[in-house]
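As stored in input.cif (mmCIF, C-alpha atoms):
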```
data_coords
loop_
_atom_site.label_atom_id
_atom_site.label_comp_id
_atom_site.auth_asym_id
_atom_site.auth_seq_id
_atom_site.Cartn_x
_atom_site.Cartn_y
_atom_site.Cartn_z
CA MET A 16 77.72 254.01 45.41
CA LYS A 17 75.88 253.08 48.62
CA ILE A 18 78.74 250.84 49.72
CA ARG A 19 81.19 253.69 49.13
CA ILE A 20 79.04 256.07 51.17
CA LEU A 21 78.81 253.52 54.01
CA ILE A 22 82.59 253.07 54.01
CA LYS A 23 83.09 256.85 54.20
CA ALA A 24 80.53 257.12 57.00
CA GLY A 25 82.25 254.32 58.93
CA LEU A 26 85.67 255.95 58.57
CA MET A 27 84.28 259.32 59.63
CA LEU A 28 82.61 257.73 62.65
CA ARG A 29 85.90 256.08 63.62
CA PHE A 30 87.71 259.41 63.33
CA LEU A 31 85.08 261.18 65.46
CA LEU A 32 85.35 258.48 68.14
CA VAL A 33 89.13 258.88 68.34
CA PHE A 34 88.79 262.67 68.29
CA HIS A 35 86.26 262.52 71.12
CA GLU A 36 88.56 260.26 73.14
CA ASP A 37 91.41 262.72 72.57
CA MET A 38 89.35 265.64 73.86
CA SER A 39 87.84 263.85 76.85
CA GLY A 40 91.00 262.03 77.96
CA GLN A 41 89.01 258.79 78.10
CA SER A 42 89.08 255.76 75.84
CA SER A 43 86.48 253.26 74.69
CA THR A 44 88.99 251.40 72.51
CA PRO A 45 90.91 248.63 74.31
CA GLY A 46 94.62 249.36 74.56
CA VAL A 47 94.26 253.04 73.64
CA SER A 48 94.49 255.86 76.18
CA ASN A 49 94.05 259.51 75.23
CA GLY A 50 94.45 258.73 71.52
CA ILE A 51 97.73 256.79 71.74
CA THR A 52 98.67 253.19 72.50
CA PRO A 53 100.65 252.00 75.56
CA LEU A 54 103.57 251.16 73.26
CA GLN A 55 103.63 254.75 71.97
CA GLN A 56 103.53 255.99 75.58
CA MET A 57 106.54 253.80 76.32
CA VAL A 58 108.48 255.22 73.36
CA ALA A 59 107.61 258.79 74.40
CA SER A 60 108.69 258.19 78.01
CA CYS A 61 111.88 256.41 76.90
CA SER A 62 112.94 259.35 74.72
CA GLY A 63 112.11 261.75 77.55
CA ALA A 64 114.15 259.68 80.01
CA ILE A 65 117.23 259.66 77.79
CA LEU A 66 117.06 263.41 77.09
CA THR A 67 116.57 264.18 80.79
CA SER A 68 119.59 262.11 81.80
CA LEU A 69 121.75 263.77 79.13
CA PHE A 70 120.86 267.25 80.38
CA VAL A 71 120.91 266.64 84.15
CA THR A 72 123.78 264.16 84.65
CA PRO A 73 126.58 266.76 84.13
CA LEU A 74 125.25 268.71 87.14
CA ASP A 75 125.57 265.68 89.40
CA VAL A 76 128.95 264.66 88.01
CA VAL A 77 130.33 268.10 88.84
CA LYS A 78 128.72 267.96 92.31
CA ILE A 79 130.34 264.58 93.06
CA ARG A 80 133.75 265.76 91.82
CA LEU A 81 133.53 268.81 94.10
CA GLN A 82 132.59 266.53 97.01
CA ALA A 83 135.51 264.21 96.27
CA GLN A 84 137.87 267.20 96.20
CA LYS A 85 136.66 268.42 99.59
CA SER A 86 136.50 264.98 101.24
CA PRO A 87 138.29 262.25 99.22
CA PHE A 88 136.30 259.02 98.93
CA PRO A 89 138.07 256.16 100.76
CA LYS A 90 137.80 252.48 99.88
CA GLY A 91 134.23 251.23 100.40
CA LYS A 92 132.80 254.75 100.71
CA CYS A 93 129.33 255.21 99.19
CA PHE A 94 127.88 258.22 97.44
CA VAL A 95 124.59 258.89 95.68
CA TYR A 96 124.69 259.44 91.92
CA CYS A 97 121.62 260.96 90.23
CA ASN A 98 121.11 260.90 86.47
CA GLY A 99 117.96 263.03 86.63
CA LEU A 100 115.67 259.99 86.63
CA MET A 101 116.50 258.18 89.87
CA ASP A 102 119.16 257.98 92.58
CA HIS A 103 121.80 255.26 92.36
CA LEU A 104 124.13 254.19 95.14
CA CYS A 105 127.76 254.01 94.01
CA VAL A 106 130.50 252.32 96.01
CA CYS A 107 134.11 253.46 95.63
CA GLU A 108 135.90 250.64 93.84
CA ASN A 109 138.52 248.77 95.81
CA GLY A 110 142.00 249.78 94.78
CA ASN A 111 140.86 251.76 91.75
CA SER A 112 142.52 255.16 91.92
CA LYS A 113 141.64 256.00 88.30
CA ALA A 114 137.86 255.98 88.75
CA TRP A 115 136.10 258.99 87.23
CA TYR A 116 135.09 260.38 90.64
CA LYS A 117 138.74 260.27 91.83
CA ALA A 118 140.24 262.09 88.84
CA PRO A 119 142.69 264.78 90.06
CA GLY A 120 141.83 268.42 89.67
CA HIS A 121 141.50 271.60 91.71
CA PHE A 122 138.18 273.34 91.19
CA ASN A 123 137.20 276.76 92.50
CA GLY A 124 133.47 276.29 92.07
CA THR A 125 130.79 274.72 89.88
CA LEU A 126 131.47 276.74 86.72
CA ASP A 127 135.23 276.33 87.09
CA ALA A 128 134.73 272.57 87.47
CA PHE A 129 132.67 272.40 84.27
CA VAL A 130 135.34 274.24 82.27
CA LYS A 131 138.32 272.30 83.67
CA ILE A 132 136.69 268.87 83.31
CA VAL A 133 135.89 269.57 79.64
CA ARG A 134 139.38 270.97 78.93
CA ARG A 135 141.37 268.22 80.66
CA GLU A 136 139.19 265.14 80.21
CA GLY A 137 136.99 265.93 77.23
CA ILE A 138 133.29 266.71 77.09
CA LYS A 139 132.35 263.03 77.49
CA ALA A 140 133.64 263.17 81.07
CA LEU A 141 130.51 265.15 82.02
CA TRP A 142 128.50 261.95 81.50
CA SER A 143 130.85 259.69 83.47
CA GLY A 144 129.15 256.72 85.08
CA LEU A 145 125.90 257.26 83.16
CA PRO A 146 125.55 254.12 80.94
CA PRO A 147 125.33 251.52 83.78
CA THR A 148 122.64 253.52 85.59
CA LEU A 149 120.48 253.93 82.47
CA VAL A 150 120.02 250.15 82.31
CA MET A 151 117.62 250.48 85.24
CA ALA A 152 116.63 254.14 85.21
CA VAL A 153 115.11 254.10 81.71
CA PRO A 154 112.94 250.97 82.24
CA ALA A 155 111.84 252.32 85.65
CA THR A 156 110.81 255.63 84.07
CA VAL A 157 108.98 253.87 81.22
CA ILE A 158 107.05 251.70 83.71
CA TYR A 159 106.25 254.71 85.88
CA PHE A 160 104.97 257.08 83.19
CA THR A 161 103.07 254.44 81.21
CA CYS A 162 101.40 253.08 84.35
CA TYR A 163 100.48 256.60 85.43
CA ASP A 164 98.77 257.44 82.15
CA GLN A 165 96.90 254.14 82.00
CA LEU A 166 95.81 254.38 85.65
CA CYS A 167 94.82 258.02 85.42
CA ALA A 168 92.65 257.42 82.33
CA ALA A 169 90.93 254.47 84.04
CA LEU A 170 90.45 256.29 87.37
CA ARG A 171 88.98 259.40 85.71
CA VAL A 172 86.19 257.22 84.31
CA ARG A 173 85.51 255.39 87.58
CA MET A 174 85.87 258.22 90.11
CA GLY A 175 82.97 260.29 88.79
CA THR A 176 82.75 263.61 90.66
CA TRP A 177 86.18 262.92 92.19
CA ALA A 178 87.84 262.61 88.77
CA GLU A 179 90.03 265.67 89.39
CA GLU A 180 91.80 263.76 92.18
CA ALA A 181 92.66 260.86 89.84
CA PRO A 182 96.26 262.13 89.19
CA LEU A 183 96.91 262.10 92.95
CA LEU A 184 96.02 258.42 93.30
CA ALA A 185 97.42 257.31 89.94
CA GLY A 186 100.78 258.99 90.64
CA ALA A 187 101.12 257.31 94.04
CA ILE A 188 100.20 253.83 92.75
CA ALA A 189 102.47 254.12 89.68
CA ARG A 190 105.44 255.11 91.86
CA VAL A 191 104.88 252.21 94.28
CA GLY A 192 104.83 249.81 91.33
CA SER A 193 107.98 251.07 89.62
CA ALA A 194 109.97 251.38 92.87
CA THR A 195 108.99 247.86 93.95
CA VAL A 196 110.11 246.39 90.63
CA ILE A 197 113.45 248.23 90.53
CA SER A 198 114.49 247.99 94.23
CA PRO A 199 115.86 244.39 94.11
CA LEU A 200 117.72 245.15 90.87
CA GLU A 201 119.39 248.20 92.42
CA LEU A 202 120.43 246.07 95.41
CA ILE A 203 121.99 243.50 93.06
CA ARG A 204 123.79 246.24 91.08
CA THR A 205 125.30 247.66 94.29
CA LYS A 206 126.54 244.21 95.36
CA LEU A 207 128.10 243.60 91.95
CA GLN A 208 129.89 246.93 92.05
CA SER A 209 131.11 246.78 95.65
CA GLN A 210 132.17 243.14 95.92
CA LYS A 211 133.22 242.39 92.32
CA GLN A 212 131.41 239.06 92.43
CA SER A 213 130.70 236.82 89.46
CA TYR A 214 127.06 236.20 88.61
CA ARG A 215 127.30 232.70 90.12
CA GLU A 216 128.75 234.05 93.37
CA LEU A 217 126.10 236.75 93.40
CA THR A 218 123.34 234.16 92.94
CA ASP A 219 124.70 232.15 95.89
CA CYS A 220 124.91 235.33 97.98
CA ILE A 221 121.30 236.30 97.21
CA ARG A 222 120.05 232.74 97.87
CA SER A 223 121.85 232.72 101.23
CA ALA A 224 120.37 236.11 102.16
CA VAL A 225 116.86 234.95 101.25
CA GLU A 226 117.27 231.74 103.29
CA THR A 227 118.52 233.56 106.40
CA GLU A 228 116.56 236.84 106.23
CA GLY A 229 113.59 236.02 103.98
CA TRP A 230 112.46 237.36 100.60
CA LEU A 231 111.86 240.82 102.04
CA SER A 232 115.64 241.26 102.31
CA LEU A 233 115.65 241.92 98.54
CA TRP A 234 113.55 245.02 99.19
CA ARG A 235 115.66 246.36 102.04
CA GLY A 236 115.74 250.14 101.89
CA LEU A 237 112.45 250.32 99.96
CA GLY A 238 110.61 251.88 102.90
CA PRO A 239 112.57 255.18 102.98
CA THR A 240 112.39 255.34 99.17
CA LEU A 241 108.60 255.03 99.20
CA LEU A 242 108.31 257.56 102.05
CA ARG A 243 109.92 260.13 99.76
CA ASP A 244 108.81 259.07 96.29
CA VAL A 245 105.12 258.27 96.83
CA PRO A 246 104.17 261.68 98.34
CA PHE A 247 106.41 263.38 95.76
CA SER A 248 104.72 261.57 92.89
CA ALA A 249 101.19 262.18 94.18
CA MET A 250 101.80 265.92 94.67
CA TYR A 251 103.76 266.26 91.44
CA TRP A 252 101.09 264.81 89.16
CA TYR A 253 98.20 266.55 90.92
CA ASN A 254 99.88 269.97 90.74
CA TYR A 255 101.10 269.33 87.21
CA GLU A 256 97.64 268.52 85.85
CA LYS A 257 96.13 271.50 87.71
CA GLY A 258 98.86 273.87 86.55
CA LYS A 259 98.59 272.67 82.96
CA SER A 260 94.81 273.20 82.94
CA LEU A 261 95.12 276.69 84.44
CA LEU A 262 97.78 277.76 81.93
CA CYS A 263 95.73 276.39 79.02
CA GLU A 264 92.76 278.44 80.22
CA HIS A 265 94.93 281.53 80.71
CA TYR A 266 96.37 281.34 77.18
CA ASN A 267 93.03 280.22 75.72
CA THR A 268 94.46 277.09 74.12
CA ARG A 269 92.89 273.65 73.94
CA GLU A 270 96.17 271.73 73.62
CA PRO A 271 99.08 272.42 76.02
CA THR A 272 102.17 273.80 74.30
CA PHE A 273 105.75 272.77 75.03
CA THR A 274 106.18 275.94 77.12
CA ILE A 275 103.06 275.20 79.19
CA THR A 276 104.15 271.65 79.99
CA PHE A 277 107.71 272.81 80.74
CA ILE A 278 106.57 275.50 83.20
CA SER A 279 103.97 273.22 84.81
CA GLY A 280 106.54 270.44 85.22
CA ALA A 281 109.17 272.73 86.75
CA ALA A 282 106.70 274.35 89.16
CA SER A 283 105.07 271.10 90.32
CA GLY A 284 108.47 269.40 90.68
CA SER A 285 109.76 272.31 92.78
CA ILE A 286 106.77 272.23 95.14
CA ALA A 287 106.95 268.45 95.58
CA SER A 288 110.74 268.50 96.16
CA ILE A 289 110.47 271.17 98.88
CA VAL A 290 107.68 269.37 100.75
CA THR A 291 109.39 265.96 100.61
CA LEU A 292 112.91 267.25 101.36
CA PRO A 293 113.06 265.80 104.92
CA PHE A 294 112.24 262.35 103.51
CA ASP A 295 114.95 262.80 100.88
CA VAL A 296 117.56 263.62 103.55
CA VAL A 297 116.60 260.54 105.58
CA LYS A 298 116.42 258.31 102.50
CA THR A 299 119.88 259.39 101.29
CA ARG A 300 121.46 258.85 104.73
CA ARG A 301 119.79 255.45 105.10
CA GLN A 302 120.75 254.41 101.55
CA VAL A 303 124.42 255.28 102.12
CA GLU A 304 124.49 253.42 105.46
CA LEU A 305 123.04 250.27 103.92
CA GLY A 306 125.43 250.48 100.96
CA GLU A 307 128.51 250.81 103.16
CA LEU A 308 127.41 247.84 105.28
CA GLN A 309 127.00 245.77 102.12
CA ALA A 310 130.40 246.90 100.83
CA LYS A 311 132.00 245.74 104.10
CA ASN A 312 130.08 242.43 103.94
CA LEU A 313 128.32 243.19 107.23
CA SER A 314 124.75 242.24 108.08
CA CYS A 315 122.28 244.97 107.27
CA GLN A 316 120.17 244.01 110.27
CA VAL A 317 122.32 246.22 112.49
CA SER A 318 121.58 249.28 110.37
CA SER A 319 119.41 252.00 111.85
CA SER A 320 115.71 252.26 111.09
CA THR A 321 114.25 255.22 109.22
CA PHE A 322 112.86 256.75 112.41
CA SER A 323 116.16 256.44 114.26
CA VAL A 324 118.01 258.07 111.35
CA MET A 325 115.57 260.99 111.47
CA SER A 326 115.92 261.28 115.25
CA ARG A 327 119.72 261.28 114.97
CA ILE A 328 119.67 264.05 112.35
CA VAL A 329 117.39 266.20 114.51
CA ALA A 330 119.57 265.58 117.58
CA GLN A 331 122.77 266.53 115.75
CA TYR A 332 121.63 269.41 113.55
CA GLY A 333 118.17 270.40 114.80
CA PHE A 334 115.05 270.37 112.61
CA GLY A 335 116.98 272.42 110.06
CA GLY A 336 119.08 269.33 109.37
CA LEU A 337 116.05 267.68 107.76
CA PHE A 338 116.06 270.44 105.14
CA ALA A 339 119.77 270.27 104.37
CA GLY A 340 120.62 270.52 100.68
CA PHE A 341 117.48 272.52 99.87
CA LEU A 342 118.97 274.56 97.00
CA PRO A 343 120.98 271.75 95.31
CA ARG A 344 117.91 269.48 95.32
CA LEU A 345 115.72 272.23 93.88
CA ILE A 346 118.26 273.03 91.15
CA LYS A 347 118.43 269.34 90.22
CA VAL A 348 114.74 268.37 90.47
CA ALA A 349 113.07 271.37 88.79
CA PRO A 350 114.85 271.13 85.41
CA ALA A 351 114.70 267.31 85.46
CA CYS A 352 110.92 267.34 85.95
CA ALA A 353 110.47 270.09 83.34
CA ILE A 354 112.57 268.35 80.66
CA MET A 355 111.08 264.92 81.30
CA ILE A 356 107.40 265.90 81.25
CA SER A 357 107.65 268.37 78.35
CA THR A 358 109.53 265.82 76.21
CA TYR A 359 107.04 263.11 77.18
CA GLU A 360 104.05 265.31 76.32
CA PHE A 361 105.68 266.32 73.03
CA GLY A 362 106.17 262.65 72.16
CA LYS A 363 102.56 261.84 73.01
CA ALA A 364 101.32 264.78 70.91
CA PHE A 365 103.43 263.56 67.98
CA PHE A 366 101.97 260.04 68.15
CA ARG A 367 98.44 261.38 68.66
CA LYS A 368 98.75 263.48 65.52
CA HIS A 369 100.23 260.51 63.65
CA ASN A 370 97.28 258.31 64.69
CA GLN A 371 94.73 260.91 63.62
CA GLU A 372 96.45 261.37 60.26
CA SER A 373 96.47 257.60 59.70
CA ILE A 374 92.68 257.64 60.16
CA LEU A 375 92.16 260.69 57.92
CA ARG A 376 94.40 259.39 55.11
CA PRO A 377 91.90 256.77 53.83
CA LEU A 378 89.16 259.42 53.87
CA GLN A 379 91.25 261.79 51.74
CA THR A 380 92.18 258.96 49.36
CA SER A 381 88.56 257.88 48.87
CA ASN A 382 87.49 261.47 48.16
CA THR A 383 89.94 261.86 45.26
#
```

Using structure tokens, write down the structure that the file contains.
Amino acid sequence: MKIRILIKAGLMLRFLLVFHEDMSGQSSTPGVSNGITPLQQMVASCSGAILTSLFVTPLDVVKIRLQAQKSPFPKGKCFVYCNGLMDHLCVCENGNSKAWYKAPGHFNGTLDAFVKIVRREGIKALWSGLPPTLVMAVPATVIYFTCYDQLCAALRVRMGTWAEEAPLLAGAIARVGSATVISPLELIRTKLQSQKQSYRELTDCIRSAVETEGWLSLWRGLGPTLLRDVPFSAMYWYNYEKGKSLLCEHYNTREPTFTITFISGAASGSIASIVTLPFDVVKTRRQVELGELQAKNLSCQVSSSTFSVMSRIVAQYGFGGLFAGFLPRLIKVAPACAIMISTYEFGKAFFRKHNQESILRPLQTSNT
């Protein structure tokens, strides 16, 4: 009888420890953060990434088709393709007139383009070009979100009275990490697409570039990306956590609902996208320039620096040029942030509940 009581007490203590960790957002168990494991965080972020890309990609496909109708893409021309998770540079394929972005059609606007693409090409055409980009976008998102959660939980413990600023620092560090890992892979993908090289030829090309320009050549274009993404990430996570806490207090709920996370994600994403818009304009221009130089097999050393690109935009269009594309970016970023974070939080809540039930189940069994 005493042994049975001790077993029950031990199980109850374990449950209370996990419950306390869940409420405090801290963890004393190695490998567990906020009541779920890093692997469960990865699964939650992966599902969120896939759902986000499925919802947001059609918007960008229609935008690119409208651009191609207005100004047809010539051979070697680059354009930026966004699947809701990250931007990808696409190079118009040499001699391929049947590429999805060159499909014929006369559109009178966004809604008309949606309807005509579905009627003439089938609904799958709205997700044209998506599969190759997911190969990098999903892992990048998984690394980013999992690193953020792990860093934020650790920083909250160590920052003491400054714990509320932990999302700011964790978001910036997580974005630097994920962008640094993915940048060389994106460069390789662009080379493969633009020059139609075999993997052996590509390896020789990369080795030659490293020998002549150094290892940093693999991270060319990372600077403008970090200038946009690091401030965006820091502001996004800080405002998201603040907004989520305020809405939970307003609705007198301990756990954030799907609606609360959706609204907080959309609002914080909108604020961050507006503030970082000049960096996005410069980053996009710089990315396209580098891509077109690579497509033409020219040295990227002659490409303009970030500062010179910004100066040229201001000289040509005034300071307003740095805020070009304000509405399209807002329409794209706000829903993407809302869908991603609400799906991610829903996944984490599901796993947290599953973990708590797995602890309670032995208690219920021993009581019967």

Using all atoms listed in the file, which protein or nucleic acid residues come within 8 Å of Ala187 in chain A? Drop anything in the same chain fewer than 3 positions from it, and give the result as a VMD selection string. chain A and resid 183 to 184 190 to 191 245 to 246 248 to 249

Shortest interatomic distance to Cys352 in chain A - which of A:Ala339, A:Ala64, A:Val303, A:Val324, counting only C-alpha atoms: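 Using only C-alpha atoms, Cys352 in chain A sits closest to A:Ala64.
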
Closest to Ser86 in chain A among A:Val172, A:Lys117, A:Trp177, A:Ile132, using all atoms listed in the file?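 The answer is A:Lys117, which sits nearest to Ser86 in chain A.
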
Go ahead and compute the interatomic distance for CA of Ala118 in chain A and CA of Arg80 in chain A, in Å to one decimal.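 A separation of 8.0 Å between them.
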
For the structure provided, state which residues fall under the PyMOL selection byres ((chain A and resi 94) around 9), and present them as a ChimeraX atom specification. /A:79,88,92-93,95-96,103-107,299,303,306

For the structure provided, state which residues fall under the PyMOL selection byres ((chain A and resi 159) around 9), and present them as a ChimeraX atom specification. /A:60,154-158,160-164,186,189-194

Do you know which residues the PyMOL selection byres ((chain A and resi 270-273) around 12) returns on this file, as JSON, numbers by chain? {"A": [37, 38, 39, 40, 255, 256, 258, 259, 260, 261, 262, 263, 264, 265, 266, 267, 268, 269, 274, 275, 276, 277, 278, 279, 280, 353, 354, 355, 356, 357, 358, 359, 360, 361, 362, 363, 364, 365, 367, 368]}

What's around Leu237 in chain A at 12 Å? Count all atoms listed in the file, leave out sequence neighbours fewer than 2 positions away in its own chain, and write the answer as a ChimeraX atom specification. /A:190-202,231-235,239-245,298-299,301-302,305,320-321

Would you please work out which residue, of A:Met250, A:Met174, A:Leu69, A:Val153, is nearest to Leu141 in chain A when using all atoms listed in the file? A:Leu69

Option closest in space to Phe129 in chain A, from A:Thr227, A:Lys78, A:Ser373, A:Ser285 [counting only C-alpha atoms]: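 For Phe129 in chain A, the nearest of the candidates is A:Lys78.
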
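With CA of Val296 in chain A on one side and CA of Leu345 in chain A on the other, the separation reads 13.1 Å.
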
Would you mind listing what lies within 12 Å of range 133-135 of chain A as an mmCIF file with C-alpha atoms, in the coordinates of the input, with only C-alpha atoms counted and same-chain residues fewer than 4 positions away left out?
```cif
data_model
loop_
_atom_site.group_PDB
_atom_site.id
_atom_site.type_symbol
_atom_site.label_atom_id
_atom_site.label_comp_id
_atom_site.auth_asym_id
_atom_site.auth_seq_id
_atom_site.Cartn_x
_atom_site.Cartn_y
_atom_site.Cartn_z
ATOM 1 C CA PRO A 73 126.580 266.760 84.130
ATOM 2 C CA VAL A 76 128.950 264.660 88.010
ATOM 3 C CA VAL A 77 130.330 268.100 88.840
ATOM 4 C CA ALA A 118 140.240 262.090 88.840
ATOM 5 C CA PRO A 119 142.690 264.780 90.060
ATOM 6 C CA GLY A 120 141.830 268.420 89.670
ATOM 7 C CA HIS A 121 141.500 271.600 91.710
ATOM 8 C CA LEU A 126 131.470 276.740 86.720
ATOM 9 C CA ASP A 127 135.230 276.330 87.090
ATOM 10 C CA ALA A 128 134.730 272.570 87.470
ATOM 11 C CA PHE A 129 132.670 272.400 84.270
ATOM 12 C CA LYS A 139 132.350 263.030 77.490
ATOM 13 C CA ALA A 140 133.640 263.170 81.070
ATOM 14 C CA LEU A 141 130.510 265.150 82.020
ATOM 15 C CA TRP A 142 128.500 261.950 81.500
ATOM 16 C CA SER A 143 130.850 259.690 83.470
#
```

Could you tell me how far CA of Leu100 in chain A sits from CA of Ser68 in chain A, in Å to one decimal place? 6.6 Å

Can you list, as a list in words, every protein, DNA or RNA residue that comes within 9 Å of range 340-342 of chain A when you count all atoms listed in the file, leaving out same-chain residues fewer than 4 positions away?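 The contact residues come out as Ser288, Ile289, Leu292, Val296, Gly336, Ile346 and Lys347 of chain A.
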
Write a file of the just-selected residues containing C-alpha atoms, as a compact mmCIF listing (two decimals), in the coordinates of the input.
```
# COMPACT_ATOMS: atom_id res chain seq x y z
CA SER A 288 110.74 268.50 96.16
CA ILE A 289 110.47 271.17 98.88
CA LEU A 292 112.91 267.25 101.36
CA VAL A 296 117.56 263.62 103.55
CA GLY A 336 119.08 269.33 109.37
CA ILE A 346 118.26 273.03 91.15
CA LYS A 347 118.43 269.34 90.22
```

Pick the closest to Phe322 in chain A from A:Pro293, A:Ser223, A:Gly175, A:Ala59: which is it, counting only C-alpha atoms?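 Using only C-alpha atoms, the shortest distance to Phe322 in chain A belongs to A:Pro293.
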